[in-house]
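Shown here: structure_29.cif, mmCIF, C-alpha atoms.
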```cif
data_protein
loop_
_atom_site.label_atom_id
_atom_site.label_comp_id
_atom_site.auth_asym_id
_atom_site.auth_seq_id
_atom_site.Cartn_x
_atom_site.Cartn_y
_atom_site.Cartn_z
CA MET A 26 13.45 -69.76 108.26
CA ASP A 27 16.26 -69.49 110.86
CA GLU A 28 17.89 -66.33 112.21
CA ARG A 29 20.60 -66.31 109.56
CA ASP A 30 18.12 -66.58 106.69
CA SER A 31 15.87 -63.94 108.22
CA ALA A 32 18.74 -61.48 108.62
CA LEU A 33 20.11 -62.10 105.12
CA SER A 34 16.63 -61.75 103.65
CA ARG A 35 16.12 -58.42 105.45
CA LEU A 36 19.46 -57.12 104.18
CA HIS A 37 18.47 -58.04 100.65
CA GLU A 38 14.90 -56.72 100.81
CA GLN A 39 15.92 -53.36 102.32
CA ARG A 40 19.28 -52.95 100.61
CA PRO A 41 18.61 -49.31 99.53
CA ARG A 42 17.94 -48.40 103.18
CA TRP A 43 21.15 -50.02 104.40
CA GLN A 44 23.18 -48.41 101.61
CA ALA A 45 21.69 -45.02 102.49
CA LEU A 46 22.74 -45.48 106.11
CA ALA A 47 26.26 -46.53 105.13
CA HIS A 48 26.53 -43.71 102.58
CA ARG A 49 25.63 -41.08 105.18
CA ILE A 50 28.32 -42.40 107.49
CA LEU A 51 31.04 -43.05 104.91
CA GLY A 52 30.37 -40.37 102.27
CA SER A 53 31.22 -42.77 99.45
CA ALA A 54 28.79 -44.78 97.34
CA GLY A 55 31.43 -47.42 96.63
CA ASP A 56 32.41 -47.75 100.28
CA ALA A 57 28.72 -47.96 101.22
CA GLU A 58 28.26 -50.91 98.87
CA ASP A 59 31.36 -52.55 100.35
CA ALA A 60 30.03 -52.01 103.88
CA VAL A 61 26.69 -53.63 103.10
CA GLN A 62 28.44 -56.57 101.43
CA GLU A 63 30.82 -56.99 104.39
CA THR A 64 27.85 -56.88 106.76
CA TRP A 65 26.18 -59.61 104.68
CA LEU A 66 29.31 -61.74 105.12
CA ARG A 67 29.40 -61.03 108.84
CA VAL A 68 25.79 -62.10 109.21
CA HIS A 69 26.51 -65.25 107.24
CA ARG A 70 29.46 -66.08 109.51
CA SER A 71 27.90 -65.01 112.81
CA PRO A 72 24.10 -64.80 112.56
CA PRO A 73 21.96 -63.16 115.27
CA ARG A 74 20.69 -65.32 118.08
CA ALA A 75 17.14 -64.77 119.37
CA VAL A 76 17.14 -60.98 118.90
CA ASP A 77 13.98 -59.01 119.64
CA ASN A 78 14.53 -56.34 116.98
CA LEU A 79 16.23 -57.60 113.83
CA ASP A 80 16.42 -54.17 112.18
CA ALA A 81 18.15 -52.70 115.23
CA TRP A 82 20.60 -55.60 115.26
CA LEU A 83 21.37 -55.17 111.56
CA THR A 84 21.76 -51.39 111.97
CA THR A 85 24.32 -52.01 114.72
CA ALA A 86 26.15 -54.60 112.62
CA LEU A 87 26.32 -52.28 109.62
CA ALA A 88 27.40 -49.31 111.75
CA HIS A 89 30.18 -51.45 113.24
CA THR A 90 31.40 -52.27 109.74
CA CYS A 91 31.31 -48.57 108.78
CA LEU A 92 33.24 -47.65 111.92
CA ASP A 93 35.93 -50.19 111.02
CA LEU A 94 36.19 -48.66 107.52
CA LEU A 95 36.44 -45.13 108.91
CA ARG A 96 39.17 -46.14 111.34
CA ALA A 97 41.05 -47.90 108.54
CA ARG A 98 40.96 -44.70 106.49
CA ARG A 99 42.43 -42.69 109.37
CA SER A 100 45.25 -45.20 109.87
CA ARG A 101 46.50 -45.09 106.27
CA PRO A 102 49.88 -43.33 106.06
CA GLU A 103 49.32 -42.27 102.44
CA GLN A 104 46.45 -39.87 103.05
CA PRO A 105 46.00 -37.75 99.90
CA SER A 106 46.33 -34.00 100.06
CA GLY A 107 43.88 -31.48 98.68
CA THR A 108 40.13 -31.05 98.95
CA GLU A 109 38.05 -34.23 99.08
CA LEU A 110 34.30 -34.08 98.64
CA PRO A 111 31.94 -36.89 99.64
CA ASP A 112 29.89 -38.58 96.94
CA PRO A 113 26.47 -36.89 96.77
CA LEU A 114 23.65 -38.96 98.20
CA SER A 115 21.61 -38.31 95.05
CA VAL A 116 21.89 -36.58 91.67
CA THR A 117 18.63 -36.46 89.73
CA PRO A 118 17.25 -34.51 86.76
CA ASP A 119 15.79 -31.11 87.63
CA THR A 120 12.43 -31.39 85.91
CA GLY A 121 10.64 -28.47 87.51
CA ASP A 122 9.07 -27.42 90.77
CA GLY A 123 6.40 -30.08 91.03
CA PRO A 124 5.38 -31.89 94.23
CA GLU A 125 7.99 -34.61 93.63
CA ASP A 126 10.82 -32.08 93.43
CA ARG A 127 9.69 -30.33 96.61
CA ALA A 128 9.53 -33.68 98.40
CA VAL A 129 13.08 -34.53 97.30
CA LEU A 130 14.34 -31.22 98.67
CA SER A 131 12.50 -31.51 101.99
CA ASP A 132 13.75 -35.07 102.56
CA SER A 133 17.36 -34.56 101.46
CA LEU A 134 20.51 -34.09 103.46
CA GLY A 135 22.02 -30.94 101.98
CA LEU A 136 25.48 -31.32 100.48
CA ALA A 137 26.81 -28.59 102.78
CA MET A 138 25.76 -30.70 105.76
CA GLN A 139 27.17 -33.82 104.13
CA VAL A 140 30.55 -32.08 103.73
CA VAL A 141 30.53 -31.20 107.44
CA LEU A 142 29.71 -34.81 108.34
CA SER A 143 32.63 -36.04 106.22
CA ARG A 144 35.01 -33.95 108.34
CA LEU A 145 33.86 -35.21 111.72
CA ASP A 146 35.82 -37.77 113.70
CA PRO A 147 34.45 -41.31 113.14
CA PRO A 148 32.80 -41.66 116.59
CA GLU A 149 31.13 -38.26 116.22
CA ARG A 150 29.83 -39.14 112.78
CA ILE A 151 28.53 -42.53 113.92
CA ALA A 152 26.80 -41.09 116.99
CA PHE A 153 25.17 -38.25 115.08
CA VAL A 154 23.96 -40.25 112.09
CA LEU A 155 22.67 -43.19 114.11
CA HIS A 156 20.82 -41.03 116.61
CA ASP A 157 19.64 -38.01 114.64
CA SER A 158 18.96 -39.71 111.29
CA PHE A 159 18.05 -43.25 112.31
CA GLY A 160 16.75 -42.87 115.86
CA MET A 161 19.10 -45.32 117.58
CA PRO A 162 19.13 -44.79 121.37
CA PHE A 163 22.37 -43.69 122.99
CA ASP A 164 22.74 -46.83 125.10
CA ARG A 165 23.06 -48.92 121.91
CA ILE A 166 25.39 -46.37 120.31
CA ALA A 167 27.51 -46.46 123.46
CA GLU A 168 27.91 -50.24 123.16
CA LEU A 169 29.01 -49.90 119.54
CA LEU A 170 31.58 -47.18 120.32
CA ASP A 171 32.69 -48.70 123.65
CA ARG A 172 31.70 -45.51 125.46
CA THR A 173 29.21 -44.63 128.17
CA PRO A 174 25.76 -43.43 127.07
CA ALA A 175 26.65 -39.97 128.40
CA ALA A 176 29.81 -39.93 126.29
CA ALA A 177 27.88 -41.07 123.21
CA ARG A 178 25.37 -38.30 123.78
CA GLN A 179 28.21 -35.79 124.03
CA LEU A 180 29.71 -37.02 120.75
CA ALA A 181 26.40 -36.50 118.97
CA SER A 182 26.02 -33.09 120.59
CA ARG A 183 29.44 -31.94 119.37
CA ALA A 184 28.63 -33.18 115.87
CA ARG A 185 25.26 -31.42 115.97
CA ARG A 186 26.92 -28.10 116.81
CA ARG A 187 29.24 -28.51 113.82
CA VAL A 188 26.35 -29.41 111.55
CA ARG A 189 24.37 -26.36 112.66
CA ASP A 190 27.16 -24.17 111.32
CA ALA A 191 26.52 -25.49 107.80
CA PRO A 192 24.44 -23.13 105.65
CA VAL A 193 20.81 -24.23 105.30
CA PRO A 194 19.51 -24.18 101.70
CA ASP A 195 16.50 -22.02 100.89
CA HIS A 196 13.44 -24.25 100.78
CA ASP A 197 12.06 -22.81 97.53
CA ARG A 198 13.82 -24.88 94.90
CA ALA A 199 12.55 -22.72 92.03
CA ALA A 200 14.13 -19.69 93.70
CA GLN A 201 17.38 -21.65 94.08
CA ARG A 202 17.33 -22.43 90.38
CA ALA A 203 16.72 -18.77 89.50
CA VAL A 204 19.84 -17.74 91.44
CA VAL A 205 21.93 -20.47 89.80
CA ASP A 206 20.63 -19.54 86.35
CA ALA A 207 21.59 -15.91 86.99
CA PHE A 208 25.03 -17.13 88.07
CA PHE A 209 25.56 -18.96 84.77
CA THR A 210 24.15 -16.08 82.72
CA ALA A 211 26.57 -13.65 84.31
CA ALA A 212 29.50 -16.04 83.98
CA ARG A 213 28.82 -16.79 80.33
CA SER A 214 28.51 -13.12 79.44
CA GLY A 215 31.67 -12.27 81.37
CA ASP A 216 29.78 -9.84 83.64
CA PHE A 217 32.03 -10.16 86.65
CA GLU A 218 30.11 -7.76 88.92
CA ALA A 219 26.79 -9.44 88.14
CA LEU A 220 28.42 -12.76 88.99
CA VAL A 221 29.73 -11.44 92.30
CA ALA A 222 26.23 -10.12 93.10
CA GLN A 223 24.89 -13.70 93.13
CA LEU A 224 27.41 -14.76 95.78
CA ASP A 225 27.12 -14.53 99.55
CA PRO A 226 29.89 -12.43 101.17
CA GLY A 227 31.02 -15.50 103.12
CA ILE A 228 30.95 -17.90 100.17
CA THR A 229 33.18 -20.98 100.03
CA LEU A 230 34.10 -22.78 96.81
CA ARG A 231 35.48 -26.30 97.12
CA ALA A 232 36.82 -28.18 94.11
CA ASP A 233 37.78 -31.86 94.07
CA ALA A 234 39.78 -32.82 90.99
CA GLY A 235 40.56 -36.35 92.15
CA ALA A 236 43.87 -38.02 93.08
CA GLY A 237 44.35 -35.60 95.96
CA GLY A 238 44.05 -32.53 93.73
CA GLY A 239 41.74 -29.65 94.50
CA TRP A 240 41.37 -26.42 96.37
CA GLU A 241 39.15 -24.44 98.70
CA ILE A 242 38.78 -20.67 98.43
CA HIS A 243 36.67 -18.07 100.19
CA GLY A 244 35.13 -14.74 99.32
CA PRO A 245 32.98 -13.63 96.37
CA ARG A 246 35.62 -12.07 94.14
CA ASP A 247 38.10 -14.95 94.30
CA THR A 248 35.22 -17.40 93.91
CA ALA A 249 33.87 -15.53 90.89
CA THR A 250 37.29 -15.60 89.25
CA ARG A 251 37.50 -19.39 89.65
CA ALA A 252 33.85 -19.91 88.73
CA LEU A 253 34.45 -18.36 85.31
CA LEU A 254 36.57 -21.41 84.50
CA PHE A 255 33.52 -23.69 84.86
CA ALA A 256 31.01 -21.56 82.98
CA ARG A 257 32.58 -20.66 79.66
CA PRO A 258 30.20 -19.52 76.89
CA SER A 259 30.74 -22.84 75.12
CA SER A 260 29.80 -24.87 78.20
CA ASP A 261 26.98 -27.38 77.75
CA VAL A 262 25.15 -26.98 81.08
CA HIS A 263 22.40 -29.35 82.24
CA PRO A 264 20.40 -28.57 85.42
CA VAL A 265 20.25 -31.31 88.06
CA LEU A 266 19.33 -31.69 91.70
CA VAL A 267 22.23 -32.60 93.98
CA ASN A 268 20.95 -33.93 97.30
CA GLY A 269 17.71 -32.13 96.41
CA GLY A 270 19.35 -28.73 95.85
CA ALA A 271 20.18 -26.86 92.65
CA GLY A 272 23.13 -28.19 90.72
CA ALA A 273 24.47 -28.51 87.20
CA VAL A 274 26.35 -30.99 85.04
CA ILE A 275 28.73 -29.52 82.47
CA ARG A 276 29.32 -31.75 79.47
CA PHE A 277 32.28 -31.70 77.13
CA ALA A 278 31.86 -33.31 73.71
CA GLY A 279 28.64 -34.82 74.98
CA ARG A 280 30.21 -36.46 78.02
CA PRO A 281 29.76 -35.29 81.64
CA GLY A 282 32.94 -33.63 82.86
CA VAL A 283 32.09 -31.41 85.85
CA LEU A 284 29.36 -31.59 88.48
CA LEU A 285 28.55 -28.45 90.48
CA ALA A 286 26.39 -28.34 93.59
CA PHE A 287 25.12 -25.00 94.89
CA THR A 288 23.95 -24.13 98.39
CA VAL A 289 21.65 -21.12 98.04
CA THR A 290 20.90 -19.33 101.30
CA GLY A 291 19.02 -16.06 101.65
CA GLY A 292 18.79 -15.70 97.89
CA ARG A 293 22.56 -15.91 97.33
CA ILE A 294 25.01 -18.73 96.72
CA ALA A 295 26.73 -19.57 100.01
CA GLU A 296 28.70 -22.62 98.86
CA ILE A 297 29.74 -24.18 95.56
CA ASP A 298 31.07 -27.73 95.51
CA VAL A 299 32.78 -28.73 92.28
CA TYR A 300 33.46 -32.31 91.23
CA ALA A 301 36.04 -31.87 88.48
CA ASP A 302 37.23 -35.45 87.99
CA GLY A 303 35.42 -36.51 84.82
CA GLU A 304 35.75 -40.23 85.58
CA ARG A 305 34.25 -39.79 89.04
CA VAL A 306 31.47 -37.57 87.70
CA GLY A 307 30.58 -40.25 85.18
CA ALA A 308 30.42 -42.83 87.98
CA ILE A 309 28.25 -40.58 90.16
CA LEU A 310 25.79 -40.05 87.32
CA ALA A 311 25.73 -43.69 86.20
#
```
Please re-express this file's structure in structure tokens.
Amino acid sequence: MDERDSALSRLHEQRPRWQALAHRILGSAGDAEDAVQETWLRVHRSPPRAVDNLDAWLTTALAHTCLDLLRARRSRPEQPSGTELPDPLSVTPDTGDGPEDRAVLSDSLGLAMQVVLSRLDPPERIAFVLHDSFGMPFDRIAELLDRTPAAARQLASRARRRVRDAPVPDHDRAAQRAVVDAFFTAARSGDFEALVAQLDPGITLRADAGAGGGWEIHGPRDTATRALLFARPSSDVHPVLVNGGAGAVIRFAGRPGVLLAFTVTGGRIAEIDVYADGERVGAILA
């Protein structure tokens, strides 16, 4: 087996790993698939030559593809307006607080952190994800970004400071679920003050309705007013884990219409991310 075949075989065998890397950088499941496919084509056209570490070479090749995609996004003149949320890394059934559920939570990148990553400049995002999540040394990151190792380190450091500002979810997933259940109970009964009591004073609600539509609001009372729209008494609510944290899918006429992800910190909801585009929600859950 030559270098091309070895590289293509590794891409195929470890495709979930490469898609996870691309997803963390790009924030879109579809774009991540495109990035892995484009990397496959690149390897086919220009295979590695006598590399010592094939995984490191493939990681660099994929990251280069992701960087090209990020730069292409920034150069588009028709950037949509409104709130845009990244695709969650995972949405799974919330089956209880067994060992598997706790492992999912401990290993997941919280959605609040993923939102912060999506708002970083492309070089910052690349440097942070490759170093902090995938252990790539700064000298290799510097080559990819055409920077010095010191500059690459500084990019990751700036990103890390931004990420640290993101609220950290409470580790007890059962406690998260209890807060979210209380949130829905209060909303469905129309108990506005009980609903506000579940919210952190600094809460942020972000809603992405697709096609550039959406909003971002702050504060418990304004958030509670908007939240009532997503938790009507007739709502068919199904608990899920979004990136390992408490979430919910709201179905309309049996079809998923809204996905909500909650960041519970200190026993209160610090962030709510709402995916309100039914077509996108269906694709995320597929």
### Task
Please evaluate the PyMOL selection byres ((chain A and resi 55) around 12) against the structure above and give the resulting residues as a VMD selection string.
chain A and resid 44 to 45 47 to 48 51 to 54 56 to 62 94 111 to 114 305 308 to 309
### Task
Could you expand the PyMOL selection byres ((chain A and resi 204-219) around 10) into the explicit residues it covers here, written as a VMD selection string?
chain A and resid 198 to 203 220 to 224 245 to 246 249 to 250 252 to 260 262 264 271 to 273 286 to 289 292 to 294
### Query
Written as a ChimeraX atom specification, which residues does the PyMOL selection byres ((chain A and resi 143) around 9) give for the file shown?
/A:49-52,110-111,138-142,144-147,150
#### Entry: Neighbour list for A:Arg172 as a ChimeraX atom specification, cut-off 12 Å, only C-alpha atoms, skip fewer than 6 positions in-chain
/A:148-149,152,163-166,178-180
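Of note, atom CA of A:Ala234 and atom CA of A:Leu95 are spaced 22.0 Å apart.
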Residue neighbourhood A:Arg29, 12 Å, only C-alpha atoms, exclusion window fewer than 5 positions, as a PDB file with C-alpha atoms, in the coordinates of the input:
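Once written, result30.pdb looks like this:
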```pdb
ATOM      1  CA  SER A  34      16.630 -61.750 103.650  1.00  0.00           C
ATOM      2  CA  ARG A  35      16.120 -58.420 105.450  1.00  0.00           C
ATOM      3  CA  LEU A  36      19.460 -57.120 104.180  1.00  0.00           C
ATOM      4  CA  TRP A  65      26.180 -59.610 104.680  1.00  0.00           C
ATOM      5  CA  LEU A  66      29.310 -61.740 105.120  1.00  0.00           C
ATOM      6  CA  ARG A  67      29.400 -61.030 108.840  1.00  0.00           C
ATOM      7  CA  VAL A  68      25.790 -62.100 109.210  1.00  0.00           C
ATOM      8  CA  HIS A  69      26.510 -65.250 107.240  1.00  0.00           C
ATOM      9  CA  ARG A  70      29.460 -66.080 109.510  1.00  0.00           C
ATOM     10  CA  SER A  71      27.900 -65.010 112.810  1.00  0.00           C
ATOM     11  CA  PRO A  72      24.100 -64.800 112.560  1.00  0.00           C
ATOM     12  CA  PRO A  73      21.960 -63.160 115.270  1.00  0.00           C
ATOM     13  CA  ARG A  74      20.690 -65.320 118.080  1.00  0.00           C
ATOM     14  CA  ALA A  75      17.140 -64.770 119.370  1.00  0.00           C
ATOM     15  CA  VAL A  76      17.140 -60.980 118.900  1.00  0.00           C
ATOM     16  CA  LEU A  79      16.230 -57.600 113.830  1.00  0.00           C
ATOM     17  CA  LEU A  83      21.370 -55.170 111.560  1.00  0.00           C
TER      18      LEU A  83
END
```
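Residue nearest A:Asp302, chosen from A:Glu109, A:Asp157, A:Asp93, A:Glu168 and counting all atoms listed in the file: A:Glu109.
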### Query
In Å, with one decimal, what is the gap from atom CA of A:Thr229 to atom CA of A:Asp190?
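Separating atom CA of A:Thr229 from atom CA of A:Asp190 is a distance of 13.2 Å.
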#### Entry: Pick from A:Leu46, A:Ala181, A:Leu310, A:Ile228 nearest to A:Val283, counting all atoms listed in the file
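Looking only at the distances to A:Val283, the closest residue turns out to be A:Leu310.
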### Query
In Å to one decimal, how far is atom CA of A:Arg98 from atom CA of A:Ala232?
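Result for atom CA of A:Ala232 versus atom CA of A:Arg98: 21.1 Å, one decimal.
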### Query
Looking at only C-alpha atoms, which of A:Asp171, A:Asp233, A:Glu38, A:Glu241 is the one that sits closest to A:Gly303?
A:Asp233
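Closest to A:Val116 among A:Gly244, A:Pro194, A:Gly160, A:Gly135 is A:Gly135, based on only C-alpha atoms.
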### Query
Using all atoms listed in the file, which of the listed residues (A:Asp27, A:Arg189, A:Leu136, A:Thr64) sits closest to A:Arg40?
A:Thr64
Around all the atoms of stretch 34-47 of chain A listed in the file, draw an axis-aligned box and extend it by 5 Å on each of the six sides; I want its centre and edge lengths in Å to one decimal, as JSON.
```
{"center_x": 20.6, "center_y": -53.4, "center_z": 102.8, "size_x": 21.4, "size_y": 26.7, "size_z": 16.6}
```
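The nearest approach to A:Asn78 among the residues A:Gly270, A:Ser31, A:His156, A:Gly238, with only C-alpha atoms taken into account, belongs to A:Ser31.
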